[in-house]
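Source file: start01.txt; contents: compact mmCIF, C-alpha atoms.
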# COMPACT_ATOMS: atom_id res chain seq x y z
CA MET C 155 25.72 -13.83 14.85
CA ALA C 156 22.97 -12.96 12.41
CA LYS C 157 21.12 -9.77 13.19
CA THR C 158 17.35 -10.08 13.37
CA LEU C 159 14.77 -7.32 13.63
CA ILE C 160 11.32 -8.33 14.83
CA LEU C 161 8.37 -6.14 13.94
CA HIS C 162 5.21 -7.17 15.79
CA ASP C 163 1.72 -5.79 16.45
CA LEU C 164 1.08 -7.32 19.87
CA PRO C 165 -0.25 -5.16 22.71
CA GLN C 166 2.47 -4.37 25.25
CA SER C 167 1.27 -6.82 27.92
CA GLU C 168 1.06 -9.68 25.41
CA ALA C 169 4.43 -8.80 23.91
CA GLU C 170 6.04 -8.91 27.35
CA ALA C 171 4.54 -12.33 28.00
CA LEU C 172 5.27 -13.84 24.59
CA LEU C 173 8.50 -12.21 23.50
CA SER C 174 10.54 -11.70 26.66
CA ASN C 175 12.39 -15.01 26.57
CA LEU C 176 12.32 -15.70 22.87
CA TRP C 177 14.53 -13.22 21.22
CA ALA C 178 17.29 -12.12 23.55
CA GLY C 179 19.84 -10.39 21.35
CA CYS C 180 17.35 -9.53 18.63
CA THR C 181 16.00 -6.05 18.10
CA VAL C 182 12.27 -5.82 18.75
CA PHE C 183 10.17 -3.03 17.22
CA SER C 184 6.57 -2.71 18.33
CA ALA C 185 4.04 -1.47 15.78
CA SER C 186 1.59 -0.95 18.65
CA PRO C 187 0.46 1.64 19.63
CA ALA C 188 0.06 2.71 16.04
CA VAL C 189 2.59 5.11 14.54
CA HIS C 190 1.50 8.08 12.44
CA PRO C 191 0.50 6.92 8.94
CA CYS C 192 2.59 7.84 5.89
CA ILE C 193 1.34 11.12 4.39
CA GLY C 194 2.62 10.43 0.87
CA CYS C 195 4.98 13.41 0.84
CA PHE C 196 8.02 11.52 -0.59
CA GLY C 197 10.22 13.50 1.83
CA CYS C 198 12.16 10.27 2.49
CA TRP C 199 13.27 10.43 -1.16
CA ILE C 200 13.71 14.10 -1.96
CA LYS C 201 13.99 16.03 1.31
CA THR C 202 15.84 13.85 3.85
CA PRO C 203 16.86 10.89 1.63
CA GLY C 204 16.66 7.59 3.49
CA LYS C 205 14.85 9.06 6.50
CA CYS C 206 11.14 9.63 7.13
CA VAL C 207 10.35 13.31 7.78
CA ILE C 208 7.59 12.57 10.32
CA ASP C 209 9.13 13.03 13.75
CA ASP C 210 7.78 10.13 15.80
CA ARG C 211 9.01 6.66 16.75
CA GLY C 212 7.62 5.29 13.46
CA ALA C 213 10.65 6.75 11.68
CA GLY C 214 12.91 4.43 13.68
CA PHE C 215 12.18 1.19 11.84
CA LEU C 216 13.72 2.49 8.61
CA THR C 217 16.93 3.50 10.39
CA LEU C 218 17.26 -0.05 11.79
CA LEU C 219 16.65 -1.88 8.48
CA PRO C 220 20.02 -1.56 6.70
CA ALA C 221 21.98 -3.38 9.43
CA GLN C 222 19.74 -6.47 9.53
CA ASP C 223 20.25 -9.97 8.13
CA GLU C 224 16.62 -10.90 8.74
CA VAL C 225 13.37 -9.04 9.37
CA VAL C 226 10.53 -10.97 11.03
CA LEU C 227 7.02 -9.57 10.69
CA LEU C 228 4.71 -11.07 13.31
CA SER C 229 1.32 -9.79 12.19
CA ARG C 230 -2.36 -10.40 12.60
CA MET C 231 -3.70 -11.50 9.22
CA VAL C 232 -5.92 -8.84 7.65
CA PHE C 233 -7.47 -9.56 4.23
CA GLY C 234 -4.38 -11.47 3.04
CA GLY C 235 -1.90 -8.88 4.26
CA VAL C 236 -0.42 -7.39 7.40
CA SER C 237 -2.41 -5.54 10.08
CA PRO C 238 -2.94 -1.75 9.95
CA ASP C 239 -0.35 -1.21 12.72
CA ILE C 240 2.35 -3.20 10.87
CA LYS C 241 1.38 -1.57 7.57
CA ALA C 242 1.79 1.91 9.06
CA VAL C 243 5.42 1.06 9.89
CA LEU C 244 6.11 -0.46 6.45
CA ASP C 245 4.51 2.49 4.62
CA ARG C 246 6.93 4.75 6.54
CA SER C 247 9.94 2.71 5.40
CA ILE C 248 10.04 3.09 1.61
CA GLY C 249 13.10 5.33 2.01
CA PHE C 250 15.01 2.02 2.27
CA MET C 251 14.84 2.08 -1.53
CA LEU C 252 15.73 4.87 -3.96
CA PRO C 253 13.03 6.80 -5.82
CA TYR C 254 14.67 5.76 -9.09
CA PHE C 255 13.26 2.87 -11.08
CA CYS C 256 15.04 -0.27 -12.21
CA ASP C 257 14.00 -3.44 -14.02
CA ARG C 258 13.57 -6.68 -12.07
CA GLN C 259 12.08 -9.75 -13.72
CA GLY C 260 10.72 -7.60 -16.55
CA GLU C 261 8.84 -5.26 -14.22
CA MET C 262 9.50 -1.77 -12.92
CA HIS C 263 10.66 -1.59 -9.30
CA HIS C 264 12.70 0.77 -7.12
CA ALA C 265 16.49 0.65 -7.19
CA ARG C 266 18.40 -0.28 -4.04
CA ARG C 267 19.81 2.38 -1.74
CA PHE C 268 21.95 -0.21 0.07
CA ASP C 269 24.11 -3.04 -1.31
CA ALA C 270 22.14 -5.77 0.46
CA ALA C 271 18.67 -6.32 1.87
CA PRO C 272 17.61 -8.55 4.77
CA ARG C 273 15.53 -11.64 4.18
CA PHE C 274 11.86 -11.20 5.06
CA ARG C 275 10.04 -13.73 7.22
CA TYR C 276 6.26 -13.23 7.49
CA VAL C 277 4.56 -14.89 10.46
CA PHE C 278 0.83 -14.35 10.14
CA TYR C 279 -1.60 -15.27 12.90
CA GLY C 280 -5.39 -15.46 13.05
CA PRO C 281 -8.03 -17.95 14.17
CA ASP C 282 -9.75 -18.30 10.79
CA ILE C 283 -7.32 -17.43 7.99
CA THR C 284 -8.92 -18.48 4.70
CA PRO C 285 -7.16 -20.27 1.81
CA GLU C 286 -7.73 -17.14 -0.31
CA GLU C 287 -6.03 -14.96 2.30
CA LYS C 288 -3.09 -17.38 2.45
CA ALA C 289 -2.73 -17.20 -1.33
CA THR C 290 -2.80 -13.39 -1.28
CA ALA C 291 -0.25 -13.30 1.55
CA GLN C 292 2.17 -15.49 -0.45
CA LYS C 293 1.93 -13.08 -3.38
CA LEU C 294 2.33 -10.08 -1.08
CA ALA C 295 5.48 -11.48 0.52
CA ALA C 296 7.02 -12.18 -2.89
CA ALA C 297 6.15 -8.68 -4.13
CA ASN C 298 7.42 -7.00 -0.94
CA ALA C 299 10.68 -8.93 -1.21
CA LEU C 300 11.07 -7.88 -4.84
CA ASN C 301 10.32 -4.24 -4.00
CA PHE C 302 12.64 -4.13 -0.96
CA GLY C 303 15.39 -5.79 -3.01
CA ALA C 304 15.37 -8.93 -0.82
CA GLU C 305 16.36 -12.20 -2.42
CA ARG C 306 14.86 -14.49 0.22
CA TRP C 307 11.55 -14.52 2.03
CA SER C 308 9.22 -16.98 3.75
CA VAL C 309 5.60 -17.03 4.90
CA GLN C 310 4.07 -18.95 7.81
CA PHE C 311 0.54 -19.07 9.23
CA TYR C 312 -0.55 -19.78 12.80
CA GLN C 313 -3.89 -19.80 14.59
CA SER C 314 -2.74 -17.54 17.42
CA ALA C 315 -0.11 -14.92 18.17
CA GLN C 316 1.26 -17.25 20.85
CA ALA C 317 1.76 -20.09 18.37
CA GLY C 318 3.42 -17.68 15.93
CA ALA C 319 5.72 -16.32 18.62
CA GLU C 320 6.64 -19.81 19.85
CA ALA C 321 7.58 -20.85 16.32
CA LEU C 322 10.26 -18.18 16.35
CA ALA C 323 12.01 -19.49 19.43
CA MET J 79 -29.01 5.45 -7.57
CA LYS J 80 -26.63 6.33 -4.77
CA ILE J 81 -22.93 5.80 -5.42
CA ALA J 82 -20.48 6.29 -2.55
CA PHE J 83 -16.88 7.04 -3.53
CA ILE J 84 -14.13 6.72 -0.92
CA ASN J 85 -10.91 8.61 -1.54
CA GLY J 86 -8.16 6.54 0.08
CA SER J 87 -5.23 8.84 -0.61
CA PRO J 88 -3.47 10.13 2.51
CA LYS J 89 -2.77 13.44 0.76
CA PRO J 90 -5.05 16.25 1.94
CA ALA J 91 -5.36 17.69 -1.58
CA GLU J 92 -4.21 17.26 -5.19
CA SER J 93 -4.10 13.48 -5.21
CA ALA J 94 -4.27 11.24 -8.27
CA SER J 95 -7.15 9.45 -6.51
CA GLU J 96 -9.15 12.70 -6.41
CA ILE J 97 -8.60 13.25 -10.15
CA ILE J 98 -9.69 9.66 -10.90
CA ILE J 99 -12.81 10.04 -8.71
CA ASN J 100 -13.74 13.26 -10.54
CA ALA J 101 -13.29 11.51 -13.90
CA LEU J 102 -15.42 8.54 -12.78
CA GLN J 103 -18.18 10.80 -11.44
CA ALA J 104 -18.31 12.67 -14.75
CA ARG J 105 -18.67 9.32 -16.54
CA VAL J 106 -21.29 7.89 -14.19
CA GLY J 107 -23.45 10.84 -15.17
CA GLN J 108 -25.78 13.43 -13.73
CA GLY J 109 -28.55 11.01 -12.82
CA ALA J 110 -26.50 9.34 -10.12
CA ASP J 111 -26.64 10.50 -6.51
CA SER J 112 -22.89 10.58 -6.00
CA ILE J 113 -21.20 11.18 -2.66
CA THR J 114 -17.47 11.30 -1.88
CA CYS J 115 -15.88 10.38 1.45
CA ASN J 116 -12.28 10.84 2.48
CA ALA J 117 -10.57 8.17 4.59
CA ILE J 118 -7.91 10.53 5.99
CA LYS J 119 -10.11 13.55 6.73
CA GLN J 120 -13.29 11.93 8.02
CA SER J 121 -14.04 9.74 11.00
CA ARG J 122 -15.21 6.15 10.67
CA ALA J 123 -18.69 7.22 11.87
CA GLU J 124 -18.95 10.01 9.28
CA ILE J 125 -17.94 7.64 6.49
CA MET J 126 -20.39 4.96 7.61
CA GLU J 127 -23.14 7.56 7.61
CA SER J 128 -22.24 8.58 4.06
CA LEU J 129 -22.31 4.96 2.86
CA ALA J 130 -25.75 4.28 4.35
CA GLY J 131 -28.18 2.73 1.89
CA SER J 132 -25.71 2.82 -1.01
CA PRO J 133 -25.83 -0.12 -3.47
CA ALA J 134 -22.47 0.84 -5.03
CA LEU J 135 -19.25 1.60 -3.13
CA VAL J 136 -16.17 2.73 -5.07
CA LEU J 137 -12.76 2.76 -3.40
CA VAL J 138 -10.01 4.79 -5.10
CA PHE J 139 -6.52 4.82 -3.59
CA PRO J 140 -2.78 4.68 -4.26
CA LEU J 141 -0.77 1.46 -3.91
CA TYR J 142 1.46 1.55 -0.79
CA VAL J 143 4.08 -1.20 -0.36
CA ASP J 144 2.11 -3.55 -2.65
CA GLY J 145 -1.05 -3.07 -0.62
CA ILE J 146 -3.63 -0.77 0.92
CA PRO J 147 -2.37 2.42 2.67
CA SER J 148 -2.44 1.88 6.46
CA HIS J 149 -5.08 4.51 7.25
CA LEU J 150 -7.48 3.00 4.70
CA LEU J 151 -6.68 -0.55 5.82
CA ARG J 152 -7.52 0.54 9.39
CA LEU J 153 -10.87 1.90 8.19
CA LEU J 154 -11.72 -1.32 6.30
CA ASP J 155 -10.61 -3.47 9.24
CA GLY J 156 -12.82 -1.40 11.54
CA ILE J 157 -15.98 -1.43 9.41
CA GLN J 158 -15.90 -5.02 8.13
CA ALA J 159 -18.51 -6.18 10.66
CA ASP J 160 -20.97 -3.34 10.04
CA ILE J 161 -20.64 -2.20 6.44
CA ALA J 162 -22.95 -4.78 4.86
CA GLY J 163 -25.72 -3.77 7.28
CA ALA J 164 -25.22 -0.07 6.58
CA ALA J 165 -25.02 -0.23 2.78
CA ALA J 166 -27.95 -1.37 0.62
CA PRO J 167 -28.66 -5.14 0.60
CA GLY J 168 -26.37 -6.83 -1.93
CA ALA J 169 -24.14 -3.74 -2.17
CA LYS J 170 -21.23 -4.04 -4.59
CA LEU J 171 -17.66 -2.86 -4.07
CA TYR J 172 -15.62 -1.53 -7.01
CA ALA J 173 -12.07 -0.21 -6.79
CA VAL J 174 -9.43 1.73 -8.68
CA VAL J 175 -5.85 1.39 -7.41
CA ASN J 176 -3.06 3.48 -8.91
CA ASN J 177 0.69 3.05 -8.55
CA GLY J 178 3.86 4.82 -9.64
CA PHE J 179 5.29 1.85 -11.51
CA TYR J 180 4.57 1.62 -15.20
CA GLU J 181 2.66 -1.66 -14.99
CA GLY J 182 -0.93 -1.50 -13.77
CA ARG J 183 -0.89 -5.22 -12.96
CA GLN J 184 1.27 -4.51 -9.90
CA ASN J 185 -1.93 -3.29 -8.21
CA GLY J 186 -3.38 -6.81 -8.43
CA ILE J 187 -2.49 -7.85 -4.87
CA ALA J 188 -4.29 -4.81 -3.38
CA LEU J 189 -7.37 -5.66 -5.47
CA GLU J 190 -7.19 -9.24 -4.20
CA MET J 191 -7.10 -7.90 -0.61
CA LEU J 192 -10.32 -6.02 -1.33
CA GLN J 193 -11.87 -9.23 -2.61
CA ASN J 194 -10.85 -10.86 0.70
CA PHE J 195 -12.35 -7.87 2.55
CA CYS J 196 -15.65 -8.35 0.71
CA ALA J 197 -15.72 -12.05 1.65
CA ARG J 198 -15.36 -11.10 5.34
CA ALA J 199 -17.69 -8.08 5.21
CA GLY J 200 -20.50 -9.70 3.22
CA LEU J 201 -20.22 -7.27 0.30
CA ALA J 202 -20.27 -8.34 -3.34
CA TRP J 203 -16.85 -7.86 -4.93
CA ALA J 204 -17.51 -6.29 -8.32
CA GLY J 205 -13.91 -5.96 -9.48
CA GLY J 206 -11.66 -3.11 -10.28
CA LEU J 207 -8.92 -1.45 -12.20
CA GLY J 208 -5.17 -1.30 -11.59
CA VAL J 209 -3.74 1.92 -13.01
CA GLY J 210 -0.03 2.00 -13.86
CA SER J 211 1.93 5.29 -14.00
CA GLY J 212 -0.85 6.87 -11.94
CA GLY J 213 1.02 10.15 -11.48
CA MET J 214 0.54 10.86 -15.17
CA VAL J 215 -3.03 11.97 -14.46
CA PHE J 216 -1.38 15.28 -13.50
CA ALA J 217 0.31 15.50 -16.92
CA ALA J 218 -2.67 15.14 -19.25
CA PRO J 219 -6.47 15.12 -19.07
CA ILE J 220 -7.99 11.65 -18.69
CA GLY J 221 -9.28 10.38 -22.02
CA HIS J 222 -6.72 12.28 -24.08
CA GLY J 223 -3.14 11.71 -25.33
CA PRO J 224 -1.17 9.56 -22.88
CA MET J 225 -4.30 9.09 -20.74
CA LYS J 226 -6.46 7.69 -23.54
CA ASN J 227 -6.31 4.08 -22.30
CA LEU J 228 -7.26 5.19 -18.79
CA GLY J 229 -10.23 7.13 -20.18
CA LYS J 230 -11.52 4.01 -21.96
CA ALA J 231 -11.03 1.84 -18.87
CA LEU J 232 -12.92 4.36 -16.71
CA ASP J 233 -15.70 4.54 -19.35
CA ALA J 234 -16.16 0.77 -19.02
CA LEU J 235 -15.96 0.84 -15.21
CA ALA J 236 -18.50 3.69 -14.99
CA ALA J 237 -20.91 1.74 -17.21
CA ASN J 238 -20.63 -1.25 -14.87
CA ILE J 239 -21.13 0.90 -11.76
CA ARG J 240 -24.18 2.55 -13.34
CA GLY J 241 -25.62 -0.79 -14.43
CA GLY J 242 -24.84 -2.58 -11.17
CA THR J 243 -22.81 -5.20 -13.03
CA ALA J 244 -19.49 -6.82 -12.14
CA ALA J 245 -16.50 -5.17 -13.76
CA GLY J 246 -13.92 -7.96 -13.48
CA THR J 247 -10.32 -7.10 -12.75
CA CYS J 248 -8.12 -5.41 -15.31
CA SER J 249 -5.13 -3.11 -15.54
CA VAL J 250 -4.10 -0.22 -17.72
CA GLU J 251 -0.87 1.51 -18.78
CA PRO J 252 -0.52 4.97 -20.33
CA ASN J 253 -0.27 5.60 -24.07
CA PHE J 254 3.32 6.58 -23.45
CA PRO J 255 6.56 4.58 -23.75
CA LYS J 256 8.04 3.06 -20.59
CA PHE J 257 11.51 4.51 -21.19
CA LEU J 258 10.15 8.06 -21.53
CA TYR J 259 7.99 7.64 -18.43
CA THR J 260 11.08 6.47 -16.51
CA ALA J 261 13.16 9.42 -17.75
CA ALA J 262 10.43 11.92 -16.87
CA VAL J 263 9.96 10.54 -13.35
CA HIS J 264 13.73 10.49 -12.70
CA LEU J 265 14.03 14.10 -13.86
CA GLY J 266 11.10 15.00 -11.63
CA TRP J 267 12.83 13.57 -8.53
CA ARG J 268 16.01 15.53 -9.29
CA LEU J 269 14.06 18.78 -9.74
CA GLN J 270 12.10 18.26 -6.51
CA ALA J 271 15.30 17.46 -4.60
CA LYS J 272 16.91 20.62 -6.00
CA ARG J 273 13.96 22.68 -4.77
CA ASN J 274 14.69 21.24 -1.31
CA GLY J 275 18.29 22.42 -1.53
CA LEU J 276 19.74 18.99 -2.35
CA LYS J 277 22.17 17.96 -5.08
CA PRO J 278 21.23 15.01 -7.32
CA ARG J 279 23.89 12.82 -5.65
CA ASP J 280 22.30 13.47 -2.23
CA ILE J 281 19.25 11.45 -3.30
CA LYS J 282 21.40 8.29 -3.28
CA THR J 283 22.87 8.79 0.17
CA SER J 284 23.14 5.61 2.22
CA ARG J 285 24.44 7.12 5.47
Translate this structure into structure tokens?
Amino acid sequence: MAKTLILHDLPQSEAEALLSNLWAGCTVFSASPAVHPCIGCFGCWIKTPGKCVIDDRGAGFLTLLPAQDEVVLLSRMVFGGVSPDIKAVLDRSIGFMLPYFCDRQGEMHHARRFDAAPRFRYVFYGPDITPEEKATAQKLAAANALNFGAERWSVQFYQSAQAGAEALA
Amino acid sequence: MKIAFINGSPKPAESASEIIINALQARVGQGADSITCNAIKQSRAEIMESLAGSPALVLVFPLYVDGIPSHLLRLLDGIQADIAGAAAPGAKLYAVVNNGFYEGRQNGIALEMLQNFCARAGLAWAGGLGVGSGGMVFAAPIGHGPMKNLGKALDALAANIRGGTAAGTCSVEPNFPKFLYTAAVHLGWRLQAKRNGLKPRDIKTSR
């Protein structure tokens, strides 16, 4: 059975209501309450390679990533990207890649630490997502996939967290 | 004219963003009433107070996972409803985003997010600059040698900020070959790892 990791930014009460029956067997990682932001130390590359040096639960997402077939990001849409809570987790996870550069599609990116990468599925929600924000989000997902070494990704938009969560059932 | 700079680096000191802000302030000139805020060190209220009445806001930050660092994104998300009322009427937002990849164009998505922020916040998006190989600002003074292109780009941006005109969106790479930049950065990682007691092969661990 494919392994799926769900990263979401729902408050605990909402998560319990929306996610309890949907993803039995999947791993759920809550970005809320917010984890400590990345401090830009590069410790995950040159001090404890592959692990974030900040000792809080935010370091856990990176340790879960390598075993996954799919990562689902259920996020409030913010300016064409993920929410601050989700972003804090992603910023803490760059140790998934190596610090070394490689060439992909004629651009500089980070080389893979692991042989394979999960596919990324972005599920954005918000009551008034604009066409411009949707366009930015599509570019972001493609760039994130390229930078995390993922070959497949998808992007979906919903008007509410509930609709986004139901679409994953 | 008041110009409010916001340093969006999460590093407490010695950030590329700080160096770029200093270079921009020198180019904007003595006549400007320039103020610098720091998104990691200051509260939202302190930053809003600093921005009050400013017709020009200048965000300078590093690219994190193709976007805005989370602490800065949280600030922007939190002030979107109030910032237009606090800044001067018709206030413009400029930005400089720097990344570690060679190509400055990889900062384009973060700049687009700021444009989307402006649309929500009621600010005028005045464009910005994507700086490739941003870490090289530590290697040479801006405006000289490998940082000559960046110096010219900041000259143009400073003129637009001073004049209150839109800058458009552009990107810049160093006057330095990509293969040498790559070799220098790779050597730098190995040296830093060694200082932490690691062997070069430890960097690639996948355990």
Contacts of stretch 276-291 of chain C within 9 Å, all atoms listed in the file, excl. fewer than 2 positions in-chain, as a PyMOL selection string
(chain C and resi 225-236+274+293-296+307-319+321-322) or (chain J and resi 187-188+190-191+194)
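Counting from atom CA of C:Ala297, the distance to atom CA of C:Ala242 is 17.5 Å.
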Distance filter 7 Å, all atoms listed in the file, chain J against chain C, as a JSON list (two decimals) with C-alpha atoms, in the frame of the given file:
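Heads up, here's the output in selection-v9.json:
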[["chain", "number", "residue", "atom", "x", "y", "z"],
["J", 88, "PRO", "CA", -3.47, 10.13, 2.51],
["J", 89, "LYS", "CA", -2.77, 13.44, 0.76],
["J", 142, "TYR", "CA", 1.46, 1.55, -0.79],
["J", 143, "VAL", "CA", 4.08, -1.20, -0.36],
["J", 144, "ASP", "CA", 2.11, -3.55, -2.65],
["J", 148, "SER", "CA", -2.44, 1.88, 6.46],
["J", 149, "HIS", "CA", -5.08, 4.51, 7.25],
["J", 151, "LEU", "CA", -6.68, -0.55, 5.82],
["J", 152, "ARG", "CA", -7.52, 0.54, 9.39],
["J", 179, "PHE", "CA", 5.29, 1.85, -11.51],
["J", 180, "TYR", "CA", 4.57, 1.62, -15.20],
["J", 187, "ILE", "CA", -2.49, -7.85, -4.87],
["J", 190, "GLU", "CA", -7.19, -9.24, -4.20],
["J", 191, "MET", "CA", -7.10, -7.90, -0.61],
["J", 194, "ASN", "CA", -10.85, -10.86, 0.70],
["J", 195, "PHE", "CA", -12.35, -7.87, 2.55],
["J", 260, "THR", "CA", 11.08, 6.47, -16.51],
["J", 264, "HIS", "CA", 13.73, 10.49, -12.70],
["J", 267, "TRP", "CA", 12.83, 13.57, -8.53],
["J", 270, "GLN", "CA", 12.10, 18.26, -6.51],
["J", 271, "ALA", "CA", 15.30, 17.46, -4.60],
["J", 274, "ASN", "CA", 14.69, 21.24, -1.31],
["J", 281, "ILE", "CA", 19.25, 11.45, -3.30],
["J", 282, "LYS", "CA", 21.40, 8.29, -3.28],
["J", 283, "THR", "CA", 22.87, 8.79, 0.17],
["J", 284, "SER", "CA", 23.14, 5.61, 2.22]]
Close residues, J:Phe83 itself excluded, 9 Å, only C-alpha atoms, min 2 positions apart in chain, as an NGL selection string
:J and (81 or 85 or 99 or 103 or 112-116 or 129 or 134-138)
Filtering to C-alpha atoms, could you give me those residues as a tab-separated table (two decimals), in the coordinates of the input?
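Once everything was written out, this is selection_36.tsv:
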chain	number	residue	atom	x	y	z
J	81	ILE	CA	-22.93	5.80	-5.42
J	85	ASN	CA	-10.91	8.61	-1.54
J	99	ILE	CA	-12.81	10.04	-8.71
J	103	GLN	CA	-18.18	10.80	-11.44
J	112	SER	CA	-22.89	10.58	-6.00
J	113	ILE	CA	-21.20	11.18	-2.66
J	114	THR	CA	-17.47	11.30	-1.88
J	115	CYS	CA	-15.88	10.38	1.45
J	116	ASN	CA	-12.28	10.84	2.48
J	129	LEU	CA	-22.31	4.96	2.86
J	134	ALA	CA	-22.47	0.84	-5.03
J	135	LEU	CA	-19.25	1.60	-3.13
J	136	VAL	CA	-16.17	2.73	-5.07
J	137	LEU	CA	-12.76	2.76	-3.40
J	138	VAL	CA	-10.01	4.79	-5.10
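Pairwise distance (atom CA of J:Phe216, atom CA of J:Leu150) equals 22.8 Å.
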Find the distance between atom CA of C:Asp257 and atom CA of J:Asn253 and write it in Å to one decimal.
19.7 Å
Residues near J:Leu189, anyone? I mean within 12 Å using only C-alpha atoms, not counting same-chain ones fewer than 2 positions away, as a PyMOL selection string.
(chain C and resi 233-235+290+294) or (chain J and resi 137-141+144-146+171-176+182-187+191-196+203-209+246-249)
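Counting only C-alpha atoms, the residue from J:Ala94, J:Leu232, J:Arg273, J:Ala110 that sits nearest to J:Ser211 is J:Ala94.
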Export: stretch 293-319 of chain C, C-alpha atoms, as a JSON list (two decimals), in the first residue's frame:
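Writing done, so here's out.json:
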[["chain", "number", "residue", "atom", "x", "y", "z"],
["C", 293, "LYS", "CA", 4.58, 27.66, -10.63],
["C", 294, "LEU", "CA", 5.45, 27.14, -6.96],
["C", 295, "ALA", "CA", 4.40, 23.48, -7.03],
["C", 296, "ALA", "CA", 6.47, 22.85, -10.16],
["C", 297, "ALA", "CA", 9.51, 24.59, -8.64],
["C", 298, "ASN", "CA", 9.15, 22.79, -5.29],
["C", 299, "ALA", "CA", 8.91, 19.45, -7.09],
["C", 300, "LEU", "CA", 12.03, 20.25, -9.10],
["C", 301, "ASN", "CA", 13.91, 21.32, -5.98],
["C", 302, "PHE", "CA", 12.83, 18.32, -3.88],
["C", 303, "GLY", "CA", 13.72, 15.99, -6.78],
["C", 304, "ALA", "CA", 10.09, 14.90, -7.26],
["C", 305, "GLU", "CA", 9.01, 13.86, -10.73],
["C", 306, "ARG", "CA", 5.27, 14.19, -10.17],
["C", 307, "TRP", "CA", 3.11, 16.82, -8.54],
["C", 308, "SER", "CA", -0.44, 18.15, -8.69],
["C", 309, "VAL", "CA", -2.29, 21.26, -7.53],
["C", 310, "GLN", "CA", -5.95, 21.60, -6.52],
["C", 311, "PHE", "CA", -7.99, 24.54, -5.22],
["C", 312, "TYR", "CA", -11.04, 24.47, -2.96],
["C", 313, "GLN", "CA", -13.18, 27.15, -1.33],
["C", 314, "SER", "CA", -12.94, 25.66, 2.15],
["C", 315, "ALA", "CA", -10.71, 23.39, 4.21],
["C", 316, "GLN", "CA", -13.63, 20.97, 4.49],
["C", 317, "ALA", "CA", -14.01, 20.71, 0.71],
["C", 318, "GLY", "CA", -10.24, 20.21, 0.37],
["C", 319, "ALA", "CA", -10.23, 17.51, 3.04]]
